[in-house]
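J.: Pasting target_19.pdb here (PDB, C-alpha atoms, pLDDT in the B column):
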ATOM      1  CA  MET A   3       7.733  28.379  -1.842  1.00 90.00           C
ATOM      2  CA  HIS A   4       8.999  25.124  -0.341  1.00 92.00           C
ATOM      3  CA  ILE A   5       9.070  25.250   3.448  1.00 95.00           C
ATOM      4  CA  ALA A   6      10.599  22.667   5.786  1.00 93.00           C
ATOM      5  CA  PHE A   7       9.612  22.168   9.405  1.00 95.00           C
ATOM      6  CA  VAL A   8      12.014  20.303  11.689  1.00 92.00           C
ATOM      7  CA  ALA A   9      10.682  19.497  15.131  1.00 93.00           C
ATOM      8  CA  SER A  10      10.941  17.020  17.975  1.00 92.00           C
ATOM      9  CA  GLU A  11       7.228  16.181  17.861  1.00 94.00           C
ATOM     10  CA  GLY A  12       4.144  16.741  15.749  1.00 96.00           C
ATOM     11  CA  VAL A  13       0.494  15.704  15.670  1.00 94.00           C
ATOM     12  CA  PRO A  14      -0.668  13.089  14.679  1.00 93.00           C
ATOM     13  CA  PHE A  15       2.610  11.173  15.122  1.00 95.00           C
ATOM     14  CA  SER A  16       3.966  12.257  18.495  1.00 94.00           C
ATOM     15  CA  LYS A  17       2.809  14.677  21.175  1.00 94.00           C
ATOM     16  CA  THR A  18       3.717  15.805  24.647  1.00 92.00           C
ATOM     17  CA  GLY A  19       2.712  19.464  24.462  1.00 90.00           C
ATOM     18  CA  GLY A  20       1.814  22.510  22.414  1.00 94.00           C
ATOM     19  CA  LEU A  21       4.692  22.223  19.953  1.00 94.00           C
ATOM     20  CA  ALA A  22       3.102  19.091  18.502  1.00 96.00           C
ATOM     21  CA  ASP A  23      -0.157  20.971  17.947  1.00 97.00           C
ATOM     22  CA  VAL A  24       1.604  23.778  16.069  1.00 97.00           C
ATOM     23  CA  VAL A  25       3.605  21.320  13.936  1.00 97.00           C
ATOM     24  CA  GLY A  26       0.365  19.509  13.174  1.00 96.00           C
ATOM     25  CA  ALA A  27      -1.618  22.620  12.195  1.00 97.00           C
ATOM     26  CA  LEU A  28       0.723  25.256  10.730  1.00 97.00           C
ATOM     27  CA  PRO A  29       2.166  23.128   7.895  1.00 98.00           C
ATOM     28  CA  ARG A  30      -1.362  22.194   6.760  1.00 97.00           C
ATOM     29  CA  ALA A  31      -2.456  25.836   6.806  1.00 97.00           C
ATOM     30  CA  LEU A  32       0.533  26.854   4.692  1.00 97.00           C
ATOM     31  CA  ALA A  33      -0.046  23.959   2.280  1.00 97.00           C
ATOM     32  CA  ALA A  34      -3.646  25.142   1.869  1.00 97.00           C
ATOM     33  CA  GLN A  35      -2.229  28.492   0.728  1.00 97.00           C
ATOM     34  CA  GLY A  36      -0.288  26.749  -2.037  1.00 97.00           C
ATOM     35  CA  HIS A  37       3.130  26.246  -0.440  1.00 97.00           C
ATOM     36  CA  GLN A  38       5.080  22.978  -0.703  1.00 96.00           C
ATOM     37  CA  ILE A  39       5.592  21.711   2.840  1.00 97.00           C
ATOM     38  CA  SER A  40       7.899  19.028   4.248  1.00 95.00           C
ATOM     39  CA  VAL A  41       7.918  18.057   7.923  1.00 96.00           C
ATOM     40  CA  TYR A  42      10.874  16.204   9.493  1.00 94.00           C
ATOM     41  CA  LEU A  43      10.357  14.456  12.824  1.00 95.00           C
ATOM     42  CA  PRO A  44      12.132  11.788  14.871  1.00 94.00           C
ATOM     43  CA  ARG A  45      10.748   8.305  14.411  1.00 95.00           C
ATOM     44  CA  TYR A  46      10.018   7.380  17.990  1.00 95.00           C
ATOM     45  CA  ARG A  47       9.106   3.864  19.042  1.00 94.00           C
ATOM     46  CA  GLN A  48       5.530   5.091  19.492  1.00 94.00           C
ATOM     47  CA  THR A  49       5.334   6.567  15.961  1.00 94.00           C
ATOM     48  CA  LYS A  50       2.920   4.512  13.886  1.00 92.00           C
ATOM     49  CA  LEU A  51       3.521   4.783  10.135  1.00 93.00           C
ATOM     50  CA  THR A  52       1.660   3.205   7.238  1.00 88.00           C
ATOM     51  CA  ASP A  53       3.955   1.937   4.482  1.00 89.00           C
ATOM     52  CA  PRO A  54       7.146   3.817   5.418  1.00 93.00           C
ATOM     53  CA  GLN A  55       9.833   3.922   2.733  1.00 94.00           C
ATOM     54  CA  THR A  56      13.513   4.395   3.468  1.00 93.00           C
ATOM     55  CA  VAL A  57      14.768   7.205   1.243  1.00 90.00           C
ATOM     56  CA  VAL A  58      18.281   7.583   2.680  1.00 88.00           C
ATOM     57  CA  ARG A  59      19.831   4.511   4.302  1.00 91.00           C
ATOM     58  CA  SER A  60      22.707   6.224   6.049  1.00 90.00           C
ATOM     59  CA  ILE A  61      23.370   9.847   6.880  1.00 86.00           C
ATOM     60  CA  THR A  62      26.626  10.599   8.667  1.00 87.00           C
ATOM     61  CA  VAL A  63      26.236  13.213  11.378  1.00 85.00           C
ATOM     62  CA  PRO A  64      29.458  14.358  13.063  1.00 85.00           C
ATOM     63  CA  TYR A  65      29.197  15.221  16.751  1.00 80.00           C
ATOM     64  CA  ASP A  66      32.183  16.015  18.953  1.00 82.00           C
ATOM     65  CA  ASP A  67      34.768  13.328  18.184  1.00 87.00           C
ATOM     66  CA  GLU A  68      32.178  10.786  17.032  1.00 86.00           C
ATOM     67  CA  TYR A  69      29.927  10.110  14.089  1.00 89.00           C
ATOM     68  CA  ARG A  70      26.262   9.222  14.329  1.00 86.00           C
ATOM     69  CA  PHE A  71      24.584   7.273  11.540  1.00 90.00           C
ATOM     70  CA  CYS A  72      20.877   7.674  11.018  1.00 90.00           C
ATOM     71  CA  SER A  73      18.438   7.058   8.165  1.00 92.00           C
ATOM     72  CA  LEU A  74      15.510   8.944   6.687  1.00 92.00           C
ATOM     73  CA  VAL A  75      12.082   7.431   6.090  1.00 94.00           C
ATOM     74  CA  ARG A  76       9.269   8.921   4.018  1.00 93.00           C
ATOM     75  CA  ALA A  77       5.764   8.296   5.297  1.00 93.00           C
ATOM     76  CA  GLY A  78       3.644   9.800   2.567  1.00 87.00           C
ATOM     77  CA  SER A  79       1.532  12.925   2.536  1.00 91.00           C
ATOM     78  CA  SER A  80      -1.515  14.226   4.314  1.00 92.00           C
ATOM     79  CA  GLY A  81      -3.292  17.534   3.800  1.00 91.00           C
ATOM     80  CA  GLY A  82      -0.660  18.603   1.260  1.00 94.00           C
ATOM     81  CA  VAL A  83       2.188  18.002   3.709  1.00 97.00           C
ATOM     82  CA  ARG A  84       5.001  15.496   3.068  1.00 95.00           C
ATOM     83  CA  TYR A  85       6.237  13.716   6.199  1.00 96.00           C
ATOM     84  CA  HIS A  86       9.766  12.400   6.750  1.00 94.00           C
ATOM     85  CA  PHE A  87      11.168  10.689   9.820  1.00 95.00           C
ATOM     86  CA  VAL A  88      14.718  10.423  11.088  1.00 93.00           C
ATOM     87  CA  GLU A  89      15.543   6.983  12.464  1.00 93.00           C
ATOM     88  CA  TYR A  90      18.222   6.828  15.120  1.00 92.00           C
ATOM     89  CA  PRO A  91      17.375   4.092  17.651  1.00 93.00           C
ATOM     90  CA  PRO A  92      19.832   5.155  20.402  1.00 90.00           C
ATOM     91  CA  TYR A  93      17.776   8.347  20.891  1.00 88.00           C
ATOM     92  CA  PHE A  94      14.349   7.544  19.498  1.00 92.00           C
ATOM     93  CA  ASP A  95      13.647   3.855  20.205  1.00 93.00           C
ATOM     94  CA  ARG A  96      12.852   4.397  23.860  1.00 92.00           C
ATOM     95  CA  GLU A  97       9.966   3.963  26.276  1.00 89.00           C
ATOM     96  CA  GLY A  98       8.920   7.635  26.118  1.00 89.00           C
ATOM     97  CA  LEU A  99       9.670  10.607  23.920  1.00 87.00           C
ATOM     98  CA  TYR A 100      11.719  12.531  26.476  1.00 88.00           C
ATOM     99  CA  GLY A 101      11.804  10.263  29.495  1.00 88.00           C
ATOM    100  CA  THR A 102      10.081   7.719  31.677  1.00 89.00           C
ATOM    101  CA  PRO A 103       7.877   8.150  34.756  1.00 90.00           C
ATOM    102  CA  VAL A 104      11.132   8.164  36.751  1.00 92.00           C
ATOM    103  CA  GLY A 105      12.503  11.253  34.950  1.00 92.00           C
ATOM    104  CA  ASP A 106      13.943  12.775  31.790  1.00 90.00           C
ATOM    105  CA  TYR A 107      16.600  11.062  29.723  1.00 89.00           C
ATOM    106  CA  PRO A 108      19.988  12.599  30.575  1.00 88.00           C
ATOM    107  CA  ASP A 109      20.887  12.963  26.876  1.00 85.00           C
ATOM    108  CA  ASN A 110      17.693  14.737  25.734  1.00 82.00           C
ATOM    109  CA  ALA A 111      19.585  17.758  24.419  1.00 80.00           C
ATOM    110  CA  GLU A 112      21.617  15.486  22.148  1.00 78.00           C
ATOM    111  CA  GLY A 113      18.438  14.042  20.620  1.00 74.00           C
ATOM    112  CA  THR A 114      18.197  16.978  18.220  1.00 72.00           C
ATOM    113  CA  ILE A 115      21.650  16.289  16.816  1.00 68.00           C
ATOM    114  CA  PRO A 116      20.677  13.614  14.273  1.00 67.00           C
ATOM    115  CA  THR A 117      17.370  15.245  13.319  1.00 69.00           C
ATOM    116  CA  THR A 118      18.412  18.737  12.292  1.00 67.00           C
ATOM    117  CA  PRO A 119      21.386  18.019   9.992  1.00 65.00           C
ATOM    118  CA  SER A 120      19.638  14.997   8.471  1.00 65.00           C
ATOM    119  CA  ALA A 121      16.628  17.086   7.547  1.00 67.00           C
ATOM    120  CA  SER A 122      18.812  19.882   6.237  1.00 66.00           C
ATOM    121  CA  ARG A 123      20.850  17.602   3.985  1.00 62.00           C
ATOM    122  CA  CYS A 124      17.813  15.831   2.601  1.00 61.00           C
ATOM    123  CA  PHE A 125      15.877  19.040   2.050  1.00 59.00           C
ATOM    124  CA  ARG A 126      18.770  20.626   0.116  1.00 58.00           C
ATOM    125  CA  ALA A 127      19.229  17.474  -1.986  1.00 52.00           C
ATOM    126  CA  ARG A 128      15.581  17.217  -3.047  1.00 55.00           C
TER     127      ARG A 128
END
Just give me the structure as structure tokens.

T.:
Amino acid sequence: MHIAFVASEGVPFSKTGGLADVVGALPRALAAQGHQISVYLPRYRQTKLTDPQTVVRSITVPYDDEYRFCSLVRAGSSGGVRYHFVEYPPYFDREGLYGTPVGDYPDNAEGTIPTTPSASRCFRAR
């Protein structure tokens, strides 16, 4: 079975809490059982990737009366898990994942908008 995980953070690339630990461990455990696993995460400014490769240059994501344009980067495999990252600088190229020491970003809820449909389209097209 091919299983896709789509999350806002995941170890070892980004972490603020327990979700990142689950996204880091569960895909590896399922891969060890023979499943094909793909993980899709935002590419935050803090995300360090070795030899990233752009696999989709532009994905159009409609939202309200606007369109968002993001890209998808592949960052190789580890532990039987393939990692992909959604690049959308207006949401992900920021000082912190969800905010600064002053407080949360006011558009945090919108940050999932480019990630989920981008992952879905790319996963279906594989």

J.: Can you list, as a list of chain:residue names, every protein, DNA or RNA residue that comes within 8 Å of stretch 32-39 of chain A when you count only C-alpha atoms, leaving out same-chain residues fewer than 4 positions away?

T.: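 Once the nearby chain positions are removed, what remains is A:Met3, A:His4, A:Ile5, A:Ala6, A:Phe7, A:Leu28, A:Gly81, A:Gly82, A:Val83, A:Arg84.
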
J.: Enter the distance from atom CA of A:Val104 to atom CA of A:Gly20, in Å, rounded to one decimal.

T.: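 Interatomic distance, atom CA of A:Val104 to atom CA of A:Gly20: 22.3 Å.
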
J.: Taking the file as I've supplied it (selection: the PyMOL selection byres ((chain A and resi 85) around 9)), which residues are included? Please answer as a ChimeraX atom specification.

T.: /A:39-43,75-80,83-84,86-87

J.: Would you pick out the contacts of stretch 97-103 of chain A at 9 Å or less, using only C-alpha atoms, so that residues sharing its chain but fewer than 4 positions from it are not included, and give the list as a list in words?

T.: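 Here the qualifying residues turn out to be Ser10, Glu11, Ser16, Lys17, Thr18, Tyr46, Arg47, Gln48, Tyr93, Tyr107, Pro108 and Asn110 of chain A.
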
J.: Name the residues captured by the PyMOL selection byres ((chain A and resi 112) around 12) when it is applied to the shown file; answer as a PyMOL selection string.

T.: chain A and resi 10+63+65-66+70+90+92-94+100+107-111+113-118

J.: Could you tell me how far atom CA of A:Ala31 lies from atom CA of A:Pro54, in Å and to one decimal?

T.: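 So the answer is 24.1 Å.
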
J.: Any idea what the distance is between atom CA of A:Asp23 and atom CA of A:Val57?

T.: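 Here the two named atoms are 26.3 Å from each other.
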
J.: Evaluated on this file, the PyMOL selection byres ((chain A and resi 89) around 7) picks out some residues - which ones are they, written as an mmCIF file with C-alpha atoms, keeping the file's coordinate frame?

T.:
data_model
loop_
_atom_site.group_PDB
_atom_site.id
_atom_site.type_symbol
_atom_site.label_atom_id
_atom_site.label_comp_id
_atom_site.auth_asym_id
_atom_site.auth_seq_id
_atom_site.Cartn_x
_atom_site.Cartn_y
_atom_site.Cartn_z
ATOM 1 C CA PRO A 44 12.132 11.788 14.871
ATOM 2 C CA ARG A 45 10.748 8.305 14.411
ATOM 3 C CA CYS A 72 20.877 7.674 11.018
ATOM 4 C CA SER A 73 18.438 7.058 8.165
ATOM 5 C CA LEU A 74 15.510 8.944 6.687
ATOM 6 C CA PHE A 87 11.168 10.689 9.820
ATOM 7 C CA VAL A 88 14.718 10.423 11.088
ATOM 8 C CA TYR A 90 18.222 6.828 15.120
ATOM 9 C CA PRO A 91 17.375 4.092 17.651
#

J.: For each of A:Tyr69, A:Ala22, A:Ser60, A:Thr49, take the minimum atom-to-atom distance to A:Asp95, counting only C-alpha atoms, then give the residue where this is smallest.

T.: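 Closest residue, counting only C-alpha atoms: A:Thr49.
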
J.: Determine the nearest neighbour of A:Leu51 from the options A:Phe15, A:Gly105, A:Arg96, A:Pro64, counting only C-alpha atoms.

T.: A:Phe15
